[in-house]
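Below is the file run_6.txt, which contains compact mmCIF, C-alpha atoms.
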```txt
# COMPACT_ATOMS: atom_id res chain seq x y z
CA MET A 1 -4.76 16.69 39.43
CA SER A 2 -5.79 18.99 36.62
CA ASN A 3 -4.31 22.01 38.38
CA GLU A 4 -0.77 21.00 37.42
CA LEU A 5 -1.75 20.76 33.79
CA ASN A 6 -1.70 23.54 31.30
CA LEU A 7 -5.18 23.09 29.86
CA SER A 8 -7.24 25.25 27.58
CA GLU A 9 -10.67 26.34 28.76
CA GLY A 10 -12.50 23.65 26.82
CA LEU A 11 -10.13 20.93 27.99
CA GLN A 12 -10.42 22.09 31.59
CA LYS A 13 -14.19 21.72 31.41
CA THR A 14 -13.90 18.29 29.80
CA VAL A 15 -11.37 16.92 32.28
CA LYS A 16 -13.28 18.38 35.24
CA ASN A 17 -16.52 16.87 34.01
CA LEU A 18 -14.88 13.48 33.47
CA THR A 19 -13.16 13.33 36.85
CA GLU A 20 -16.36 14.35 38.62
CA THR A 21 -18.62 11.94 36.72
CA PHE A 22 -16.24 8.96 36.83
CA PRO A 23 -14.04 9.60 39.88
CA ASP A 24 -12.85 5.99 40.26
CA LYS A 25 -12.58 5.16 36.56
CA ILE A 26 -10.01 7.76 35.52
CA ILE A 27 -6.53 6.39 36.20
CA GLU A 28 -4.46 9.33 35.07
CA VAL A 29 -4.62 12.56 33.10
CA TYR A 30 -1.40 13.82 31.57
CA GLN A 31 -0.08 16.00 28.79
CA SER A 32 2.57 15.21 26.24
CA SER A 33 3.66 17.17 23.14
CA GLY A 34 0.75 19.53 23.60
CA ASP A 35 -1.88 16.80 23.65
CA THR A 36 -3.98 15.67 26.58
CA PHE A 37 -4.33 12.00 27.44
CA VAL A 38 -6.88 10.42 29.74
CA ARG A 39 -6.24 6.84 30.76
CA ILE A 40 -9.31 4.99 31.99
CA GLU A 41 -10.33 1.58 33.29
CA ALA A 42 -11.02 -0.78 30.39
CA ASP A 43 -14.33 -1.99 31.83
CA SER A 44 -15.93 1.46 31.66
CA LEU A 45 -14.76 2.38 28.16
CA ILE A 46 -18.18 2.29 26.50
CA GLU A 47 -19.80 4.15 29.39
CA ILE A 48 -17.23 6.95 29.18
CA CYS A 49 -17.36 7.04 25.38
CA ASN A 50 -21.13 7.44 25.49
CA HIS A 51 -20.80 10.18 28.04
CA LEU A 52 -18.15 11.98 25.99
CA LYS A 53 -20.29 11.82 22.90
CA SER A 54 -23.68 12.72 24.30
CA GLU A 55 -22.74 15.13 27.11
CA LEU A 56 -19.42 16.63 26.04
CA HIS A 57 -20.02 16.78 22.29
CA PHE A 58 -17.11 14.60 21.19
CA ILE A 59 -18.99 13.61 18.06
CA TYR A 60 -15.94 12.98 15.89
CA LEU A 61 -13.65 9.99 16.35
CA SER A 62 -10.68 10.91 14.19
CA ASP A 63 -8.42 7.92 14.87
CA VAL A 64 -7.91 4.73 16.81
CA PHE A 65 -4.49 3.19 17.20
CA GLY A 66 -2.67 0.58 19.21
CA ILE A 67 0.56 0.73 21.16
CA ASP A 68 2.82 -2.18 22.03
CA ARG A 69 4.39 -1.03 25.30
CA TYR A 70 6.41 -4.28 25.47
CA THR A 71 5.98 -4.56 29.23
CA SER A 72 5.21 -7.69 31.22
CA ASP A 73 1.90 -6.42 32.54
CA GLU A 74 -0.74 -4.60 30.52
CA ARG A 75 1.35 -4.78 27.40
CA PHE A 76 -1.05 -3.27 24.89
CA GLU A 77 -2.77 0.05 24.78
CA VAL A 78 -5.61 1.27 22.56
CA VAL A 79 -5.86 5.00 22.02
CA TYR A 80 -8.95 6.82 20.84
CA ASN A 81 -8.34 10.21 19.28
CA LEU A 82 -11.48 12.26 19.89
CA LEU A 83 -12.42 15.66 18.64
CA ASN A 84 -14.98 18.16 19.87
CA LEU A 85 -15.48 20.42 16.89
CA ARG A 86 -17.81 22.80 18.72
CA ASP A 87 -15.37 23.73 21.51
CA ARG A 88 -12.20 22.89 19.57
CA VAL A 89 -11.01 20.25 22.02
CA ARG A 90 -8.95 17.21 21.17
CA LEU A 91 -8.77 14.41 23.69
CA PHE A 92 -6.90 11.12 23.67
CA LEU A 93 -8.61 8.30 25.52
CA LYS A 94 -6.45 5.33 26.52
CA VAL A 95 -7.22 1.83 27.72
CA ARG A 96 -4.76 -0.95 28.46
CA CYS A 97 -5.04 -4.71 28.10
CA ASP A 98 -2.98 -7.78 28.91
CA GLU A 99 -0.78 -9.78 26.62
CA GLU A 100 -2.39 -13.21 27.20
CA ASN A 101 -5.90 -12.21 26.30
CA PRO A 102 -5.80 -8.77 24.70
CA GLU A 103 -9.42 -7.76 24.54
CA VAL A 104 -11.13 -4.37 24.64
CA ASP A 105 -14.74 -3.34 24.14
CA SER A 106 -15.42 -2.07 20.64
CA ALA A 107 -16.39 1.58 20.32
CA THR A 108 -18.44 0.96 17.17
CA PRO A 109 -21.79 1.24 19.00
CA VAL A 110 -20.79 4.80 19.89
CA TRP A 111 -18.91 5.91 16.79
CA LYS A 112 -19.38 3.91 13.59
CA ALA A 113 -16.03 5.26 12.38
CA ALA A 114 -14.30 3.02 14.91
CA SER A 115 -15.02 -0.07 12.83
CA TRP A 116 -12.18 0.07 10.31
CA ASN A 117 -9.75 1.66 12.73
CA GLU A 118 -10.30 -1.12 15.23
CA ARG A 119 -9.90 -3.67 12.49
CA GLU A 120 -6.53 -2.11 11.76
CA VAL A 121 -5.54 -2.31 15.43
CA TYR A 122 -6.61 -5.96 15.43
CA ASP A 123 -4.67 -6.60 12.22
CA MET A 124 -1.46 -5.02 13.47
CA PHE A 125 -1.47 -5.91 17.20
CA GLY A 126 -3.91 -8.79 17.58
CA ILE A 127 -6.10 -6.95 20.07
CA GLN A 128 -9.62 -8.36 20.02
CA PHE A 129 -12.60 -6.04 20.10
CA ARG A 130 -15.70 -7.31 21.88
CA ASN A 131 -18.99 -6.77 19.99
CA HIS A 132 -17.26 -5.61 16.84
CA PRO A 133 -19.70 -5.97 13.91
CA ASP A 134 -17.10 -7.02 11.34
CA HIS A 135 -14.10 -8.46 13.14
CA ARG A 136 -11.68 -9.25 10.31
CA ARG A 137 -8.19 -8.25 9.26
CA ILE A 138 -8.13 -5.15 7.12
CA PHE A 139 -4.68 -4.97 5.45
CA MET A 140 -2.92 -8.29 5.74
CA PRO A 141 -4.21 -11.46 4.03
CA GLU A 142 -6.94 -13.27 5.94
CA ASP A 143 -4.77 -16.34 6.53
CA PHE A 144 -1.77 -14.36 7.83
CA GLU A 145 -0.76 -15.77 11.20
CA TYR A 146 1.20 -12.92 12.76
CA TYR A 147 0.64 -9.39 14.03
CA PRO A 148 3.23 -7.26 12.26
CA LEU A 149 3.40 -4.21 14.52
CA ARG A 150 4.18 -6.21 17.64
CA LYS A 151 7.71 -5.51 18.80
CA GLU A 152 8.93 -9.08 18.39
CA PHE A 153 7.89 -9.24 14.73
CA PRO A 154 10.93 -8.91 12.41
CA LEU A 155 11.03 -5.91 10.08
CA LEU A 156 11.15 -7.99 6.90
CA GLY A 157 8.46 -10.38 8.06
CA ILE A 158 8.54 -14.15 8.39
CA PRO A 159 9.88 -15.64 5.13
CA GLY A 160 7.22 -17.63 3.34
CA SER A 161 4.42 -16.47 5.61
CA ILE A 162 2.66 -14.64 2.76
CA GLU A 163 2.23 -16.49 -0.47
CA LEU A 164 3.71 -15.12 -3.69
CA PRO A 165 1.91 -15.84 -6.96
CA SER A 166 2.88 -18.94 -8.88
CA THR A 167 5.41 -18.22 -11.62
CA THR A 168 4.28 -21.18 -13.72
CA PRO A 169 0.96 -20.16 -15.23
CA GLU A 170 -1.80 -22.69 -15.44
CA THR A 171 -2.07 -24.04 -18.98
CA ASP A 172 -4.42 -26.47 -20.64
CA MET B 1 6.41 9.73 -48.11
CA GLY B 2 9.95 9.85 -49.41
CA LEU B 3 10.57 6.15 -49.05
CA GLU B 4 9.12 5.45 -52.47
CA SER B 5 11.48 7.84 -54.17
CA ALA B 6 14.45 6.41 -52.34
CA LEU B 7 13.62 2.90 -53.38
CA GLY B 8 12.25 3.83 -56.78
CA GLN B 9 10.45 0.98 -58.43
CA GLY B 10 12.75 -1.54 -56.83
CA TYR B 11 12.28 -4.10 -54.10
CA LEU B 12 13.83 -5.03 -50.83
CA THR B 13 15.02 -8.34 -49.52
CA THR B 14 15.27 -9.13 -45.85
CA ARG B 15 14.88 -11.96 -43.43
CA MET B 16 11.45 -12.72 -42.00
CA ASP B 17 12.97 -12.47 -38.52
CA SER B 18 14.23 -8.97 -39.16
CA LEU B 19 10.92 -7.83 -40.56
CA VAL B 20 8.89 -9.24 -37.67
CA ASN B 21 11.35 -7.95 -35.08
CA TRP B 22 11.38 -4.53 -36.71
CA ALA B 23 7.61 -4.41 -36.55
CA ARG B 24 7.44 -5.71 -33.01
CA SER B 25 10.13 -3.49 -31.59
CA ASN B 26 8.51 -0.37 -32.99
CA ALA B 27 5.05 -1.17 -31.71
CA ALA B 28 5.66 -2.32 -28.15
CA TRP B 29 2.44 -1.27 -26.55
CA PRO B 30 2.77 -0.82 -22.81
CA MET B 31 0.54 -2.18 -20.10
CA PRO B 32 0.72 0.58 -17.48
CA MET B 33 0.88 -1.17 -14.13
CA GLY B 34 0.83 2.07 -12.19
CA LEU B 35 1.06 1.27 -8.49
CA ALA B 36 2.57 4.39 -6.96
CA CYS B 37 4.28 7.69 -7.72
CA CYS B 38 6.32 6.18 -10.60
CA ALA B 39 3.04 6.10 -12.53
CA ILE B 40 3.14 9.90 -12.70
CA GLU B 41 6.52 9.77 -14.42
CA MET B 42 5.17 7.03 -16.65
CA MET B 43 2.43 9.44 -17.75
CA ALA B 44 5.07 12.04 -18.59
CA PHE B 45 6.88 9.35 -20.58
CA ALA B 46 3.77 8.89 -22.70
CA GLY B 47 2.93 12.57 -22.87
CA PRO B 48 3.93 15.12 -25.51
CA ARG B 49 7.11 16.44 -23.88
CA TYR B 50 8.99 13.13 -23.88
CA ASP B 51 6.74 11.74 -26.61
CA VAL B 52 7.35 8.05 -26.63
CA ALA B 53 5.22 7.92 -29.79
CA ARG B 54 8.56 8.38 -31.55
CA PHE B 55 9.31 4.81 -30.47
CA GLY B 56 5.85 3.45 -31.15
CA SER B 57 4.94 2.89 -27.51
CA GLU B 58 2.49 5.66 -26.86
CA VAL B 59 -0.56 3.44 -26.84
CA MET B 60 -1.17 2.60 -23.20
CA ARG B 61 -3.33 -0.48 -23.28
CA PHE B 62 -5.46 -0.99 -20.22
CA SER B 63 -6.43 -4.41 -21.47
CA PRO B 64 -3.63 -6.93 -20.97
CA ARG B 65 -4.70 -8.75 -24.13
CA GLN B 66 -3.57 -5.85 -26.30
CA ALA B 67 -0.31 -5.13 -24.50
CA ASP B 68 3.28 -6.18 -25.12
CA VAL B 69 5.33 -4.52 -22.39
CA MET B 70 4.28 -4.38 -18.78
CA ILE B 71 5.69 -1.39 -16.95
CA VAL B 72 5.57 -2.18 -13.25
CA ALA B 73 5.63 1.36 -11.88
CA GLY B 74 5.66 1.36 -8.11
CA TRP B 75 5.94 -0.88 -5.10
CA CYS B 76 4.24 -4.27 -5.17
CA THR B 77 2.64 -5.52 -2.00
CA TYR B 78 2.21 -9.23 -1.49
CA LYS B 79 -1.51 -8.77 -1.90
CA MET B 80 -1.15 -6.81 -5.15
CA SER B 81 1.45 -9.20 -6.57
CA HIS B 82 -1.26 -11.79 -7.24
CA ALA B 83 -3.23 -9.29 -9.33
CA ILE B 84 -0.07 -8.22 -11.20
CA ARG B 85 0.85 -11.81 -11.97
CA ARG B 86 -2.70 -12.51 -13.13
CA ILE B 87 -2.58 -9.57 -15.54
CA TRP B 88 0.85 -10.66 -16.73
CA ASP B 89 -0.43 -14.17 -17.41
CA GLN B 90 -3.25 -12.70 -19.50
CA MET B 91 -0.88 -10.81 -21.77
CA PRO B 92 -0.29 -12.69 -25.04
CA ASP B 93 3.24 -13.82 -25.90
CA PRO B 94 5.69 -12.42 -26.77
CA LYS B 95 5.79 -10.04 -23.86
CA TRP B 96 8.36 -8.05 -21.95
CA CYS B 97 8.54 -6.45 -18.54
CA ILE B 98 10.08 -3.26 -17.19
CA ALA B 99 10.58 -2.88 -13.44
CA MET B 100 10.39 0.87 -13.11
CA GLY B 101 12.07 2.51 -10.16
CA ALA B 102 13.77 1.35 -6.99
CA CYS B 103 10.64 -0.13 -5.43
CA ALA B 104 9.68 -2.36 -8.34
CA SER B 105 13.31 -3.41 -8.82
CA THR B 106 14.33 -4.17 -5.23
CA GLY B 107 11.62 -3.07 -2.84
CA GLY B 108 13.41 0.24 -2.48
CA MET B 109 12.72 2.14 0.69
CA HIS B 110 9.81 -0.15 1.49
CA ARG B 111 11.99 -2.62 3.34
CA CYS B 112 9.17 -4.22 5.30
CA TYR B 113 6.96 -7.24 5.72
CA GLY B 114 4.16 -6.21 3.36
CA VAL B 115 6.13 -5.34 0.22
CA VAL B 116 7.72 -7.82 -2.19
CA GLN B 117 11.44 -7.06 -2.33
CA GLY B 118 11.60 -6.76 -6.11
CA ALA B 119 9.05 -7.56 -8.80
CA ASP B 120 11.43 -10.21 -10.15
CA ASN B 121 10.27 -12.47 -7.32
CA PHE B 122 7.19 -13.24 -9.34
CA LEU B 123 7.74 -11.72 -12.83
CA PRO B 124 10.42 -12.29 -15.47
CA VAL B 125 11.81 -8.74 -15.63
CA ASP B 126 13.71 -7.67 -18.77
CA ALA B 127 14.77 -4.17 -17.82
CA TYR B 128 15.31 -2.52 -14.46
CA ILE B 129 15.28 1.24 -14.05
CA SER B 130 16.98 2.90 -11.11
CA GLY B 131 15.68 6.10 -9.61
CA CYS B 132 13.03 7.20 -7.19
CA PRO B 133 11.14 7.95 -9.30
CA PRO B 134 13.13 7.62 -12.54
CA ARG B 135 12.99 10.44 -15.05
CA PRO B 136 10.88 9.78 -18.15
CA ASP B 137 14.10 9.63 -20.21
CA ALA B 138 15.17 6.65 -18.12
CA VAL B 139 11.94 4.88 -18.98
CA ILE B 140 12.56 5.61 -22.65
CA HIS B 141 16.07 4.21 -22.18
CA ALA B 142 14.61 1.00 -20.75
CA LEU B 143 12.17 0.82 -23.62
CA MET B 144 15.05 1.20 -26.10
CA LYS B 145 16.93 -1.58 -24.31
CA ILE B 146 13.88 -3.77 -24.76
CA GLN B 147 13.71 -2.76 -28.42
CA ASP B 148 17.34 -3.87 -28.79
CA LYS B 149 16.43 -7.13 -27.12
CA ILE B 150 13.47 -7.68 -29.43
CA LYS B 151 15.63 -7.00 -32.48
CA THR B 152 18.05 -9.79 -31.59
CA GLU B 153 15.39 -12.37 -30.90
CA HIS B 154 14.49 -15.24 -33.19
CA SER B 155 10.88 -14.49 -33.81
CA VAL B 156 10.02 -17.02 -36.51
CA MET B 157 10.11 -20.64 -35.53
CA LEU B 158 12.57 -22.60 -37.63
CA ASP B 159 11.62 -25.82 -39.39
CA THR B 160 13.53 -28.73 -38.00
```

Spell out the structure here as structure tokens.
Amino acid sequence: MSNELNLSEGLQKTVKNLTETFPDKIIEVYQSSGDTFVRIEADSLIEICNHLKSELHFIYLSDVFGIDRYTSDERFEVVYNLLNLRDRVRLFLKVRCDEENPEVDSATPVWKAASWNEREVYDMFGIQFRNHPDHRRIFMPEDFEYYPLRKEFPLLGIPGSIELPSTTPETD
Amino acid sequence: MGLESALGQGYLTTRMDSLVNWARSNAAWPMPMGLACCAIEMMAFAGPRYDVARFGSEVMRFSPRQADVMIVAGWCTYKMSHAIRRIWDQMPDPKWCIAMGACASTGGMHRCYGVVQGADNFLPVDAYISGCPPRPDAVIHALMKIQDKIKTEHSVMLDT
């Protein structure tokens, strides 16, 4: 699979190591806009993350984001943007989840930096993270009922869904 | 000072309203509600080049209790709007409000679910400034409009 790809030396090593260590967990490896994406089975996310961190030196999690693919099956995708500073390798790790019960394992046990990023993904897409230490919304008000970056959410929001301050001040 | 020689030993008669309004309009201390990039232009407005001290508004008061004019400089999110309103409610009357820039006036380019589409949804705005961000002269213009407004107000309560 990796022969068709135009990979740097460090990436070649990483992809080879991954496909040999987890032969039945890697769904696809592809390149887009100069970046390399590895899509994996959701159930082995933590296992692969641990391996990437301890064996392949991906010690820096630079970003986590969600994608609403708006498809009938496996609608949501969570992407982990990983960096190996020693070998100068950037790798995108992808897992998918269903619309009915969007749930993914949290990567916070591996990288503490995942905490706020996963909260943002939860806030914007409603994807739940199992074993997250602080599973709350991060930007929107706590009592907000919608997930604004889902495709069906209107650009200007739902009128009245977020409270504005009272314009009649409380007086004695 | 020069004024003494112009008036000599004489005196001046005026209405209480005019005197109070004159004093108020030339000492409108701003509450800088700097929320985004407009706050940078607001600093220039207070700085020496544009020198709003000429109009008596150079004293940025970071305590709402000492402020007269709130300059909402930047986009207001729904979450921030509660804090802005709270600060506004703590300012003593009489008070005025400037919505500085496109975002504070209408939501501007932030046409989305998290941003209030205009500060006038929760504040009584007296002057709107267009621009993104407005030049400091435009802020001075808004301040002068508010000064005009103050000068025409009835400031002393009439006996009935």

>> Contacts from chain B to chain A, 10 Å maximum, all atoms listed in the file: show me the residue list as a PyMOL selection string.
In response: chain B and resi 77-86+88-90+110-117+121-124

> Looking at A:Lys16, A:Arg130, A:Arg96, A:His57, which one is nearest to Leu83 of chain A, with distances taken over only C-alpha atoms?
Replying inline: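 Comparing A:Lys16, A:Arg130, A:Arg96, A:His57 against Leu83 of chain A, the winner is A:His57.
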
> In Å, how far is it from atom CA of Thr36 of chain A to atom CA of Gln12 of chain A?
Replying inline: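 Separation of atom CA of Thr36 of chain A and atom CA of Gln12 of chain A: 10.4 Å.
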
> Separation of atom CA of Trp75 of chain B and atom CA of Leu35 of chain B, in Å?
Replying inline: 6.3 Å

>> List the spatial neighbours of Glu100 of chain A as a VMD selection string - criterion: any atom at most 10 Å away, all atoms listed in the file, same-chain residues fewer than 6 positions off excluded.
In response: chain A and resid 73 to 75

> Got a sec: who's within 9 Å of Ala127 of chain B, counting all atoms listed in the file, leaving out chain neighbours fewer than 6 positions off, as a PyMOL selection string?
Replying inline: chain B and resi 96-100+142-143+145-146

Take the residues from that selection and put them in a file with C-alpha atoms, as a compact mmCIF listing (two decimals), in the frame of the given file.
```txt
# COMPACT_ATOMS: atom_id res chain seq x y z
CA TRP B 96 8.36 -8.05 -21.95
CA CYS B 97 8.54 -6.45 -18.54
CA ILE B 98 10.08 -3.26 -17.19
CA ALA B 99 10.58 -2.88 -13.44
CA MET B 100 10.39 0.87 -13.11
CA ALA B 142 14.61 1.00 -20.75
CA LEU B 143 12.17 0.82 -23.62
CA LYS B 145 16.93 -1.58 -24.31
CA ILE B 146 13.88 -3.77 -24.76
```

> Which residue, A:Trp116, A:Asn17, A:Gln31, A:Asp68, has the smallest gap to Glu4 of chain A when you use only C-alpha atoms?
Replying inline: A:Gln31

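Considering all atoms listed in the file, the residue among A:Asn84, A:Thr21, A:Asn131, A:Ser72 positioned nearest to Ser106 of chain A is A:Asn131.
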
>> What does the structure give for the distance between atom CA of Thr108 of chain A and atom CA of Glu55 of chain A, in Å to one decimal?
In response: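 Value for the atom CA of Thr108 of chain A-atom CA of Glu55 of chain A distance: 17.8 Å.
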